[in-house]
Amino acid sequence: MDKISVIVPCYNEEESISLFYKEINKVTKKMKDVSFELIFIDDGSSDKSLDIIKELSKSDKDIRYISFSRNFGKEAAIYAGLLYSMGDYVTLLDADLQEPPKLIEKMYKIITTKDVDIVALKTDAHKEYGIFRRFFTRCYYKLISKLSKVEMVPGARDFRLMKRQVVNAVLELKEYNRYSKGIFSFVGFRTEWLTYSVPKRVAGTSKWSFPKLFTYAIDAIIGYSTVPLTIVVFVGVLFCLISLIAIIFIIVRTLIFGDPVAGWPSLVCIMFFLSGIQLFCTGISGAYISKTYTEVKGRPIYIIRETEKNQK
């Protein structure tokens, strides 16, 4: 009998966990020819999420959990869940039910009947996103697809069903600064994509604000492309040429008109503009250096405070 590990990262999801458990139970009862294990990852929640997970684990032997010592982020939670899983197949689900558990049955049927290693979901719309956010999301995927050497599928979700071979390959990438969508693309394997419409959250609020998503997008670009560094070099060379042309122009104009003082307001504007360009380029270089700095320190991706084994 095949076993499916369901990894559920949770951060302050006390309102959603019980509802999620009811929905996943419907799936496990329907798929009688498959065994399941539910792995809840408490990412340092400050509400009652861990207490609810503990109560569920007492009544259901198929529930396991990991509780972090603090909030390490969803990427760390995904990595911990993959490392902790024991199933022949592994899937990732959010507790807010924006990724319907009922789709697992269809995904399992595809992955066991077709020559594919991953069945993943993507969406081209999101009911909770405003026009502003949808616009920037589309721009982000277009940008990273051009900058990155790995394929980034627009609208890709973390929700996917993977064979154990894929999970083992992902776990080989032990980098501290993680971006799961990029990692899944990097390891490759044959993937079949299913398109679905993302429903609204069943409870609670999203933990992803626009500034967090913007930072996450920057991290993804830095993690999977060195093109920004090439752009910095190109900008530097370009402005050196412009400066050289400007110097020649000033010299010629001074020799002809003898008025080197005229035009100082425009000179000040140019100085501010060039200073901004320099700071921008320095910022890009600094971002790569900071990521290198965090990687070489070799700190753990997460720290475990307790698991279900502490209850026994």
# chains A, B, ... in the order shown; residues from 1 in each chain; ligands from 1

$ residues_around --residues "A:Glu14" --least-positions-apart "4" --cutoff "8 Å" --atoms "only C-alpha atoms" --output "number ranges by chain"
A: 18, 47-49, 52

$ residues_around --residues "stretch 295-299 of chain A" --least-positions-apart "3" --cutoff "7 Å" --atoms "only C-alpha atoms" --output "PDB file with N, CA, C and O atoms, in the first residue's frame"
ATOM      1  N   GLU A 175      20.706  24.682   1.098  1.00  0.00           N
ATOM      2  CA  GLU A 175      20.973  26.108   1.225  1.00  0.00           C
ATOM      3  C   GLU A 175      20.082  26.764   2.287  1.00  0.00           C
ATOM      4  O   GLU A 175      18.934  26.354   2.492  1.00  0.00           O
ATOM      5  N   TYR A 176      20.615  27.790   2.944  1.00  0.00           N
ATOM      6  CA  TYR A 176      19.886  28.469   4.023  1.00  0.00           C
ATOM      7  C   TYR A 176      18.804  29.391   3.449  1.00  0.00           C
ATOM      8  O   TYR A 176      17.681  29.429   3.936  1.00  0.00           O
ATOM      9  N   LYS A 291      23.574  37.607   1.184  1.00  0.00           N
ATOM     10  CA  LYS A 291      23.132  36.214   1.054  1.00  0.00           C
ATOM     11  C   LYS A 291      24.311  35.258   1.199  1.00  0.00           C
ATOM     12  O   LYS A 291      24.196  34.200   1.819  1.00  0.00           O
ATOM     13  N   THR A 292      25.432  35.651   0.630  1.00  0.00           N
ATOM     14  CA  THR A 292      26.644  34.835   0.792  1.00  0.00           C
ATOM     15  C   THR A 292      27.057  34.763   2.250  1.00  0.00           C
ATOM     16  O   THR A 292      27.447  33.704   2.763  1.00  0.00           O
TER      17      THR A 292
END

$ residues_around --residues "A:Phe239" --least-positions-apart "6" --cutoff "10 Å" --atoms "only C-alpha atoms" --output "count of residues only"
3

$ atom_distance --atom1 "atom CA of A:Tyr302" --atom2 "atom CA of A:Ile53"
19.2 Å

$ residues_around --residues "A:Lys163" --least-positions-apart "2" --cutoff "6 Å" --atoms "only C-alpha atoms" --output "VMD selection string"
chain A and resid 89 117 165 to 166

$ residues_around --residues "A:Arg70" --least-positions-apart "2" --cutoff "10 Å" --atoms "only C-alpha atoms" --output "PyMOL selection string"
chain A and resi 42-46+67-68+72-73+302-305

$ write_last_selection --atoms "N, CA and C atoms" --output "mmCIF file, in the first residue's frame"
data_model
loop_
_atom_site.group_PDB
_atom_site.id
_atom_site.type_symbol
_atom_site.label_atom_id
_atom_site.label_comp_id
_atom_site.auth_asym_id
_atom_site.auth_seq_id
_atom_site.Cartn_x
_atom_site.Cartn_y
_atom_site.Cartn_z
ATOM 1 N N ASP A 42 4.502 23.538 13.052
ATOM 2 C CA ASP A 42 4.174 24.771 13.757
ATOM 3 C C ASP A 42 5.375 25.708 13.683
ATOM 4 N N ASP A 43 5.234 26.754 12.888
ATOM 5 C CA ASP A 43 6.349 27.664 12.623
ATOM 6 C C ASP A 43 6.411 28.778 13.672
ATOM 7 N N GLY A 44 6.520 28.381 14.937
ATOM 8 C CA GLY A 44 6.637 29.367 16.013
ATOM 9 C C GLY A 44 5.384 30.192 16.211
ATOM 10 N N SER A 45 4.218 29.580 16.101
ATOM 11 C CA SER A 45 2.952 30.307 16.251
ATOM 12 C C SER A 45 2.819 30.901 17.646
ATOM 13 N N SER A 46 2.185 32.087 17.713
ATOM 14 C CA SER A 46 1.954 32.741 18.999
ATOM 15 C C SER A 46 0.516 32.563 19.482
ATOM 16 N N SER A 67 7.349 21.400 16.119
ATOM 17 C CA SER A 67 7.161 22.767 16.578
ATOM 18 C C SER A 67 8.527 23.446 16.646
ATOM 19 N N PHE A 68 8.661 24.562 15.920
ATOM 20 C CA PHE A 68 9.919 25.301 15.914
ATOM 21 C C PHE A 68 10.081 26.125 17.188
ATOM 22 N N PHE A 72 10.633 30.601 11.791
ATOM 23 C CA PHE A 72 11.736 30.519 10.839
ATOM 24 C C PHE A 72 11.267 30.748 9.402
ATOM 25 N N GLY A 73 9.971 30.832 9.184
ATOM 26 C CA GLY A 73 9.454 31.083 7.845
ATOM 27 C C GLY A 73 8.946 29.815 7.166
ATOM 28 N N TYR A 302 16.387 25.539 10.649
ATOM 29 C CA TYR A 302 15.349 25.653 11.685
ATOM 30 C C TYR A 302 15.846 24.975 12.956
ATOM 31 N N ILE A 303 15.178 25.256 14.065
ATOM 32 C CA ILE A 303 15.487 24.624 15.347
ATOM 33 C C ILE A 303 14.191 24.055 15.921
ATOM 34 N N ILE A 304 14.207 22.782 16.276
ATOM 35 C CA ILE A 304 13.007 22.119 16.782
ATOM 36 C C ILE A 304 12.884 22.305 18.296
ATOM 37 N N ARG A 305 11.712 22.705 18.722
ATOM 38 C CA ARG A 305 11.419 22.818 20.160
ATOM 39 C C ARG A 305 10.818 21.523 20.695
#

$ closest_residue --among "A:Cys281, A:Ile66, A:Met86, A:Ala169" --to "A:Ser35" --atoms "only C-alpha atoms"
A:Met86

$ residues_around --residues "A:Ile104" --least-positions-apart "6" --cutoff "9 Å" --atoms "only C-alpha atoms" --output "VMD selection string"
chain A and resid 27 91 160 to 161

$ write_last_selection --atoms "N, CA, C and O atoms" --output "PDB file, in the first residue's frame"
ATOM      1  N   VAL A  27     -10.791  13.057   2.493  1.00  0.00           N
ATOM      2  CA  VAL A  27      -9.924  12.500   1.454  1.00  0.00           C
ATOM      3  C   VAL A  27      -9.338  11.165   1.889  1.00  0.00           C
ATOM      4  O   VAL A  27      -9.344  10.190   1.127  1.00  0.00           O
ATOM      5  N   THR A  91       3.098  15.531  -0.389  1.00  0.00           N
ATOM      6  CA  THR A  91       2.397  16.706  -0.886  1.00  0.00           C
ATOM      7  C   THR A  91       2.469  17.828   0.137  1.00  0.00           C
ATOM      8  O   THR A  91       2.621  17.584   1.337  1.00  0.00           O
ATOM      9  N   ARG A 160       1.758  20.415  -4.505  1.00  0.00           N
ATOM     10  CA  ARG A 160       2.146  19.447  -5.535  1.00  0.00           C
ATOM     11  C   ARG A 160       2.306  18.082  -4.887  1.00  0.00           C
ATOM     12  O   ARG A 160       2.581  17.977  -3.692  1.00  0.00           O
ATOM     13  N   LEU A 161       2.141  17.048  -5.672  1.00  0.00           N
ATOM     14  CA  LEU A 161       2.358  15.674  -5.215  1.00  0.00           C
ATOM     15  C   LEU A 161       3.620  15.171  -5.873  1.00  0.00           C
ATOM     16  O   LEU A 161       3.745  15.185  -7.100  1.00  0.00           O
TER      17      LEU A 161
END

$ atom_distance --atom1 "atom CA of A:Ser285" --atom2 "atom CA of A:Gly236"
12.6 Å

$ atom_distance --atom1 "atom CA of A:Gly188" --atom2 "atom CA of A:Asp94"
23.2 Å

$ closest_residue --among "A:Tyr108, A:Phe36, A:Phe184, A:Tyr65" --to "A:Ala77" --atoms "only C-alpha atoms"
A:Tyr65

$ closest_residue --among "A:Ala76, A:Gly81, A:Gly87, A:Tyr21" --to "A:Ile4" --atoms "only C-alpha atoms"
A:Gly87

$ select_by_dssp --residues "stretch 5-200 of chain A" --states "helix (DSSP H, G or I)" --output "VMD selection string"
chain A and resid 17 to 30 49 to 59 74 to 84 103 to 113 131 to 147 164 to 171 180 to 187
